[in-house]
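Here's entry_30.cif, which has mmCIF, C-alpha atoms and all ligand atoms:
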```cif
data_entry
#
loop_
_atom_site.label_atom_id
_atom_site.label_comp_id
_atom_site.auth_asym_id
_atom_site.auth_seq_id
_atom_site.Cartn_x
_atom_site.Cartn_y
_atom_site.Cartn_z
CA MET X 1486 109.14 96.68 161.21
CA ILE X 1487 108.28 97.26 164.88
CA LEU X 1488 107.16 94.15 166.66
CA GLN X 1489 105.78 93.36 170.06
CA GLU X 1490 106.78 90.04 171.48
CA ASP X 1491 107.03 88.14 174.75
CA MET X 1492 110.74 87.43 174.52
CA LEU X 1493 112.33 84.56 176.40
CA ILE X 1494 114.82 85.55 179.08
CA LEU X 1495 117.99 83.48 178.69
CA SER X 1496 119.95 85.17 181.48
CA ASN X 1497 119.72 88.19 183.76
CA GLU X 1498 122.94 88.80 185.68
CA ASN X 1499 124.10 91.54 188.00
CA ILE X 1500 127.42 92.75 186.50
CA SER X 1501 128.16 95.80 188.66
CA PRO X 1502 126.31 97.77 191.34
CA ARG X 1503 122.71 98.25 190.05
CA VAL X 1504 123.71 97.17 186.51
CA TYR X 1505 122.31 94.02 184.89
CA ARG X 1506 123.02 92.14 181.68
CA MET X 1507 119.98 90.41 180.19
CA ALA X 1508 120.04 88.05 177.20
CA LEU X 1509 116.75 87.69 175.34
CA LYS X 1510 115.61 85.40 172.57
CA GLY X 1511 112.87 86.12 170.07
CA GLU X 1512 111.80 86.76 166.51
CA LEU X 1513 112.17 90.53 166.67
CA VAL X 1514 115.96 90.14 166.74
CA LEU X 1515 115.67 89.42 163.02
CA ASP X 1516 114.49 93.01 162.46
CA ILE X 1517 117.38 94.74 164.22
CA THR X 1518 119.20 96.85 161.66
CA GLY X 1519 122.15 98.15 163.65
CA PRO X 1520 123.80 99.08 166.91
CA ASP X 1521 122.04 101.49 169.25
CA GLN X 1522 118.53 100.69 168.24
CA PHE X 1523 116.57 100.06 171.42
CA LEU X 1524 113.92 97.84 172.95
CA HIS X 1525 110.93 99.16 174.88
CA LEU X 1526 110.34 96.92 177.90
CA ARG X 1527 107.04 96.52 179.68
CA VAL X 1528 107.58 96.09 183.39
CA PRO X 1529 105.51 93.09 184.56
CA SER X 1530 103.61 95.09 187.16
CA PRO X 1531 100.06 96.45 186.73
CA ASP X 1532 100.92 99.88 188.15
CA LYS X 1533 103.81 100.44 185.72
CA VAL X 1534 102.18 101.55 182.50
CA LEU X 1535 105.12 103.26 180.79
CA ARG X 1536 107.63 101.07 179.01
CA ARG X 1537 111.38 101.45 179.66
CA PRO X 1538 113.67 102.11 176.66
CA ILE X 1539 116.93 100.13 176.79
CA SER X 1540 119.61 100.11 174.08
CA ILE X 1541 120.55 96.90 172.37
CA SER X 1542 124.14 96.07 173.25
CA GLU X 1543 124.77 93.04 171.00
CA TYR X 1544 122.69 90.82 168.79
CA ASP X 1545 122.99 87.49 167.01
CA LYS X 1546 120.42 87.01 164.26
CA GLU X 1547 121.39 83.42 163.62
CA ASN X 1548 120.35 82.43 167.14
CA LYS X 1549 117.68 85.14 167.44
CA CYS X 1550 119.35 86.45 170.61
CA CYS X 1551 120.19 89.93 171.83
CA VAL X 1552 121.74 91.46 174.92
CA ILE X 1553 120.60 94.55 176.79
CA ILE X 1554 122.43 96.12 179.72
CA TYR X 1555 120.43 98.30 182.06
CA ARG X 1556 120.91 100.18 185.30
CA VAL X 1557 118.22 99.99 187.97
CA GLU X 1558 117.07 103.58 188.58
CA GLY X 1559 113.66 102.93 190.09
CA ASP X 1560 110.98 100.37 190.93
CA GLY X 1561 110.29 99.47 187.29
CA LEU X 1562 113.71 98.18 186.34
CA ALA X 1563 114.15 96.80 189.87
CA THR X 1564 111.25 94.49 189.04
CA VAL X 1565 112.85 93.54 185.72
CA SER X 1566 116.12 92.81 187.54
CA GLN X 1567 114.32 90.16 189.61
CA MET X 1568 113.15 88.22 186.53
CA THR X 1569 114.76 84.88 185.92
CA PRO X 1570 115.75 82.72 182.92
CA GLY X 1571 112.75 80.97 181.42
CA GLN X 1572 110.36 83.85 182.13
CA ARG X 1573 109.08 86.02 179.31
CA LEU X 1574 109.33 89.79 179.02
CA ASP X 1575 106.94 91.91 176.93
CA VAL X 1576 109.19 93.79 174.51
CA MET X 1577 108.46 96.24 171.71
CA GLY X 1578 111.07 96.94 169.08
CA PRO X 1579 113.48 97.32 167.52
CA LEU X 1580 113.08 101.09 167.76
CA GLY X 1581 115.21 104.09 166.77
CA ASN X 1582 117.70 104.62 163.99
CA GLY X 1583 120.99 103.29 165.40
CA PHE X 1584 124.49 104.36 164.38
CA ASP X 1585 125.26 104.78 160.69
CA ILE X 1586 128.23 102.64 159.71
CA SER X 1587 127.61 102.78 155.96
CA LEU X 1588 129.91 105.79 155.61
CA PRO X 1589 133.07 105.89 153.54
CA PHE X 1590 136.05 104.97 155.74
CA PRO X 1591 139.06 105.99 153.60
CA GLN X 1592 141.43 105.93 156.58
CA LYS X 1593 139.80 102.79 157.98
CA LYS X 1594 139.67 104.44 161.43
CA ALA X 1595 136.80 105.08 163.82
CA LEU X 1596 136.74 106.67 167.27
CA ILE X 1597 134.17 105.50 169.83
CA ILE X 1598 133.54 107.37 173.07
CA GLY X 1599 131.34 106.08 175.85
CA GLY X 1600 130.40 107.02 179.36
CA GLY X 1601 128.86 104.94 182.15
CA ILE X 1602 125.62 103.20 181.25
CA GLY X 1603 125.91 104.72 177.75
CA THR X 1604 128.67 102.27 176.88
CA PRO X 1605 126.67 99.05 176.15
CA PRO X 1606 125.40 99.86 172.64
CA LEU X 1607 128.92 100.81 171.65
CA VAL X 1608 130.08 97.20 171.99
CA GLY X 1609 127.87 96.17 169.09
CA LEU X 1610 129.02 99.22 167.14
CA ALA X 1611 132.71 98.41 167.69
CA GLU X 1612 132.08 94.81 166.70
CA ALA X 1613 130.30 95.85 163.49
CA LEU X 1614 133.12 98.25 162.54
CA THR X 1615 135.86 95.75 163.35
CA SER X 1616 134.14 93.15 161.18
CA GLN X 1617 134.51 95.64 158.29
CA SER X 1618 138.29 95.81 158.94
CA ILE X 1619 138.02 99.30 160.42
CA SER X 1620 140.49 100.11 163.18
CA VAL X 1621 138.56 101.11 166.29
CA THR X 1622 139.83 103.28 169.15
CA VAL X 1623 137.60 103.26 172.23
CA LEU X 1624 137.67 105.84 175.03
CA LEU X 1625 135.51 105.07 178.06
CA GLY X 1626 134.74 107.10 181.16
CA PHE X 1627 133.18 105.90 184.41
CA ALA X 1628 132.57 107.42 187.83
CA GLN X 1629 134.74 104.95 189.70
CA LYS X 1630 136.22 101.45 189.54
CA SER X 1631 133.05 99.66 190.66
CA ALA X 1632 131.13 101.25 187.77
CA VAL X 1633 133.50 99.97 185.06
CA ILE X 1634 131.69 97.54 182.77
CA LEU X 1635 132.40 95.73 179.51
CA GLU X 1636 136.18 96.17 179.52
CA ARG X 1637 136.74 92.62 178.30
CA GLU X 1638 134.10 92.96 175.59
CA PHE X 1639 135.54 96.23 174.29
CA SER X 1640 139.08 94.81 174.39
CA ALA X 1641 137.94 92.04 172.05
CA VAL X 1642 136.56 94.43 169.42
CA SER X 1643 138.95 97.38 169.47
CA ASP X 1644 142.54 98.13 168.52
CA LYS X 1645 143.04 100.59 171.34
CA LEU X 1646 141.05 100.95 174.55
CA GLU X 1647 141.54 103.62 177.22
CA ILE X 1648 139.55 103.99 180.41
CA VAL X 1649 139.32 106.96 182.72
CA THR X 1650 137.48 107.33 186.01
CA ASP X 1651 136.37 110.52 187.70
CA ASP X 1652 138.20 109.62 190.91
CA GLY X 1653 141.19 107.79 189.39
CA SER X 1654 140.28 104.51 191.11
CA TYR X 1655 140.67 102.70 187.77
CA GLY X 1656 142.59 103.71 184.66
CA ARG X 1657 143.65 107.30 184.50
CA GLN X 1658 141.90 110.03 186.44
CA GLY X 1659 139.86 112.45 184.40
CA ASN X 1660 137.24 112.41 181.70
CA VAL X 1661 137.02 111.36 178.07
CA GLY X 1662 137.54 114.96 176.92
CA LEU X 1663 141.06 114.72 178.35
CA LEU X 1664 141.70 111.59 176.27
CA MET X 1665 140.22 113.19 173.15
CA ASP X 1666 142.60 116.13 173.53
CA GLU X 1667 145.51 113.72 173.18
CA LEU X 1668 144.26 112.48 169.80
CA ASP X 1669 143.90 114.02 166.37
CA VAL X 1670 140.13 113.63 166.27
CA MET X 1671 139.95 114.76 162.65
CA SER X 1672 142.14 111.86 161.56
CA TYR X 1673 139.26 109.45 162.26
CA ASP X 1674 136.71 108.84 159.52
CA ALA X 1675 133.89 108.81 162.04
CA VAL X 1676 133.34 109.59 165.72
CA TYR X 1677 130.52 107.96 167.68
CA ALA X 1678 129.52 108.78 171.25
CA CYS X 1679 126.97 107.65 173.80
CA GLY X 1680 126.79 108.76 177.41
CA ALA X 1681 125.54 111.42 179.78
CA THR X 1682 124.69 114.91 178.55
CA GLY X 1683 127.87 116.48 179.93
CA MET X 1684 130.00 113.93 178.13
CA LEU X 1685 128.11 114.45 174.87
CA ARG X 1686 128.70 118.19 175.14
CA ALA X 1687 132.41 117.55 175.67
CA VAL X 1688 132.47 115.35 172.56
CA ALA X 1689 130.44 117.82 170.50
CA SER X 1690 132.73 120.72 171.40
CA ARG X 1691 135.70 118.74 170.09
CA THR X 1692 134.02 117.47 166.93
CA ALA X 1693 132.05 120.53 165.81
CA THR X 1694 133.82 120.61 162.44
CA HIS X 1695 134.05 116.86 161.97
CA PRO X 1696 131.92 115.74 159.00
CA ASN X 1697 130.92 112.41 160.54
CA ALA X 1698 130.51 112.81 164.29
CA TYR X 1699 127.46 111.22 165.89
CA ILE X 1700 125.95 111.27 169.35
CA SER X 1701 123.27 109.07 170.83
CA MET X 1702 120.83 111.09 172.93
CA GLU X 1703 118.92 109.98 176.00
CA ALA X 1704 115.40 111.19 176.63
CA ARG X 1705 112.41 110.40 178.76
CA MET X 1706 110.02 108.41 176.61
CA ALA X 1707 106.42 107.30 176.67
CA CYS X 1708 105.15 105.72 173.45
CA GLY X 1709 108.63 105.08 172.02
CA MET X 1710 107.37 105.22 168.45
CA GLY X 1711 106.91 108.85 167.49
CA ALA X 1712 103.31 109.39 168.54
CA CYS X 1713 103.38 111.36 171.81
CA TYR X 1714 106.21 113.95 171.52
CA ALA X 1715 107.46 113.15 175.04
CA CYS X 1716 111.03 112.82 173.86
CA VAL X 1717 111.70 115.86 171.69
CA VAL X 1718 115.00 117.69 171.37
CA HIS X 1719 115.40 121.03 169.68
CA VAL X 1720 116.94 121.49 166.25
CA ALA X 1721 120.17 123.46 166.65
CA ALA X 1722 119.89 125.43 163.39
CA ASP X 1723 116.38 126.67 164.19
CA GLU X 1724 116.55 130.19 165.64
CA THR X 1725 112.86 130.19 166.52
CA GLY X 1726 113.35 127.33 168.98
CA GLN X 1727 110.16 125.79 167.60
CA LYS X 1728 111.56 122.94 165.52
CA SER X 1729 112.17 119.66 167.24
CA LEU X 1730 113.04 116.05 166.53
CA LYS X 1731 111.85 112.96 168.34
CA VAL X 1732 114.61 110.98 170.01
CA CYS X 1733 112.66 107.71 169.86
CA ASP X 1734 111.74 107.94 166.22
CA GLU X 1735 114.22 110.28 164.49
CA GLY X 1736 117.07 109.39 166.87
CA PRO X 1737 118.44 108.39 169.26
CA VAL X 1738 121.49 108.99 167.06
CA PHE X 1739 122.00 112.48 165.64
CA LYS X 1740 124.87 114.19 163.90
CA VAL X 1741 126.87 116.54 166.12
CA GLY X 1742 125.40 120.01 165.64
CA GLU X 1743 122.01 118.74 164.49
CA VAL X 1744 120.22 119.07 167.83
CA VAL X 1745 120.71 121.06 171.02
CA ILE X 1746 122.36 118.90 173.67
FE1 LIG X 1801 106.47 109.22 172.17
FE2 LIG X 1801 109.01 109.72 171.42
S1 LIG X 1801 108.34 108.72 173.19
S2 LIG X 1801 107.19 110.44 170.49
#
```
Could the structure of this file be written out as structure tokens, please?
Amino acid sequence: MILQEDMLILSNENISPRVYRMALKGELVLDITGPDQFLHLRVPSPDKVLRRPISISEYDKENKCCVIIYRVEGDGLATVSQMTPGQRLDVMGPLGNGFDISLPFPQKKALIIGGGIGTPPLVGLAEALTSQSISVTVLLGFAQKSAVILEREFSAVSDKLEIVTDDGSYGRQGNVGLLMDELDVMSYDAVYACGATGMLRAVASRTATHPNAYISMEARMACGMGACYACVVHVAADETGQKSLKVCDEGPVFKVGEVVI
């Protein structure tokens, strides 16, 4: 069920340049079904009518708390970044399908690949898989050292963690495709990825024949609930180019090969 609620802000901390970690408390946490669903935030400013979609990074139903991590890209989220504990934020959600972890895992192995601000929802995913005794390998890519986030959190919920940066200022220099090429991707029961379009293409090109490879797509959104078609992506198998899927409603997670990246 999609709810709208004025959630209580528990914390709102700057964790790296332009990136903030906000903890929220509210009843709608009880309706979260899995990692990479998202919340649609209303910026508390009369001239900002469009909500901002932000992925859920972690959640705790017992305490009705969840964490979102967002990067300030414009005035809207800059305003949200100035909000303080004790204030309330108008939130709609949970929205989207989230990652499917109800697959068979005969090898008990999953591969998670994240890039930049796409990494936060993967923490919750890694945690959920680890709690099912699935061995998790995490490959993360960032632009540079100052952009690296969540290393400690991923370390706690993975068996192997590797980080690359574009400029080599932290971890190895390169991109996650380089790290994938050093692994037998097909030996993992499932592959999950979230990040920028270029990174998703690199993942998709290396998992085209994998039966359980998933990507989480980003899109500009308006309504966030399937009504306005602002967020469509094209269906890969459709030669007419006419068929589309809505990222907010039918995604943001799709199987590799299902939609055009
Ligand atoms: Fe309106 Fe997706 S944002 S249909």
So, with all atoms listed in the file as the atoms that count, which of X:Ser1501, X:Thr1694, X:Ser1566, X:Gln1592 lies closest to Ala1632 in chain X?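 Under the stated criterion, the closest residue is X:Ser1501.
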Counting all atoms listed in the file, the residue of X:Ile1553, X:Val1642, X:Met1486, X:Leu1535 that sits nearest ligand LIG 1801 (chain X):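 Of X:Ile1553, X:Val1642, X:Met1486, X:Leu1535, the one nearest ligand LIG 1801 (chain X), counting all atoms listed in the file, is X:Leu1535.
Those protein and nucleic acid residues that have any atom within 7 Å of ligand LIG 1801 (chain X) are, using all atoms listed in the file, X:Met1706, X:Ala1707, X:Cys1708, X:Gly1709, X:Met1710, X:Gly1711, X:Ala1712, X:Cys1713, X:Tyr1714, X:Ala1715, X:Cys1716, X:Val1717, X:Lys1731, X:Val1732, X:Cys1733, X:Asp1734.
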Of the listed residues X:Met1671, X:Leu1663, X:Leu1509, X:Leu1625, that which approaches Pro1696 in chain X most closely, counting only C-alpha atoms: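 Selected residue with least distance to Pro1696 in chain X: X:Met1671.
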Determine, counting all atoms listed in the file, which protein, DNA and RNA residues have an atom within 8 Å of an atom of Met1684 in chain X; residues of the same chain fewer than 5 positions away are not included. Present the result as number ranges by chain. X: 1600, 1661-1662
Selection near range 1571-1580 of chain X, 7 Å with only C-alpha atoms, sequence-local residues under 4 positions removed, as a list in words: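 These residues fall inside the cut-off: Ile1487, Leu1488, Gln1489, Glu1490, Asp1491, Met1492, Leu1493, Ile1494, Leu1495, Leu1513, Asp1516, Ile1517, Gln1522, Phe1523, Leu1524, His1525, Leu1526, Arg1527 and Cys1733 of chain X.
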Please list, as a count of residues only, the residues that have an atom at most 6 Å away from (111.0, 118.6, 169.5) in the coordinates of this file, counting only C-alpha atoms. 7
Extract, using all atoms listed in the file, all DNA, RNA and protein residues at most 10 Å from Asp1545 in chain X, discarding same-chain residues fewer than 3 positions from it, and format them as JSON, numbers by chain. {"X": [1510, 1514, 1515, 1517, 1548, 1549, 1550, 1551, 1552]}
Using the selection just defined, write its residues with C-alpha atoms as a compact mmCIF listing (two decimals), keeping the file's coordinate frame.
```
# COMPACT_ATOMS: atom_id res chain seq x y z
CA LYS X 1510 115.61 85.40 172.57
CA VAL X 1514 115.96 90.14 166.74
CA LEU X 1515 115.67 89.42 163.02
CA ILE X 1517 117.38 94.74 164.22
CA ASN X 1548 120.35 82.43 167.14
CA LYS X 1549 117.68 85.14 167.44
CA CYS X 1550 119.35 86.45 170.61
CA CYS X 1551 120.19 89.93 171.83
CA VAL X 1552 121.74 91.46 174.92
```
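Distances from X:Ile1500, X:Ala1595, X:Ala1681, X:Ala1689 to Val1744 in chain X were compared using all atoms listed in the file, and the smallest one belongs to X:Ala1689.
The gap separating CA of Leu1588 in chain X from CA of Ser1616 in chain X is 14.4 Å, in Å to one decimal.
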Using all atoms listed in the file, can you tell me which of X:Thr1682, X:Ile1700, X:Ile1597, X:Ala1613 comes closest to Leu1664 in chain X? X:Ile1597
Between X:Pro1538, X:Gly1656, X:Gly1742, X:Gly1583, which residue has the minimum interatomic distance to Val1688 in chain X, considering all atoms listed in the file?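 Going through X:Pro1538, X:Gly1656, X:Gly1742, X:Gly1583 one by one, the smallest distance to Val1688 in chain X is for X:Gly1742.
A straight line drawn from CA of Val1621 in chain X to CA of Asn1499 in chain X is 27.8 Å long.
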CA of Glu1636 in chain X to CA of Pro1606 in chain X: how many Å, to one decimal?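 CA of Pro1606 in chain X lies 13.3 Å from CA of Glu1636 in chain X.
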Centre, edges in Å (one decimal): axis-aligned box, range 1678-1681 of chain X, 5 Å padding on all six sides, as AutoDock Vina command-line options:
```
--center_x 127.5 --center_y 109.5 --center_z 175.5 --size_x 14.0 --size_y 13.8 --size_z 18.5
```
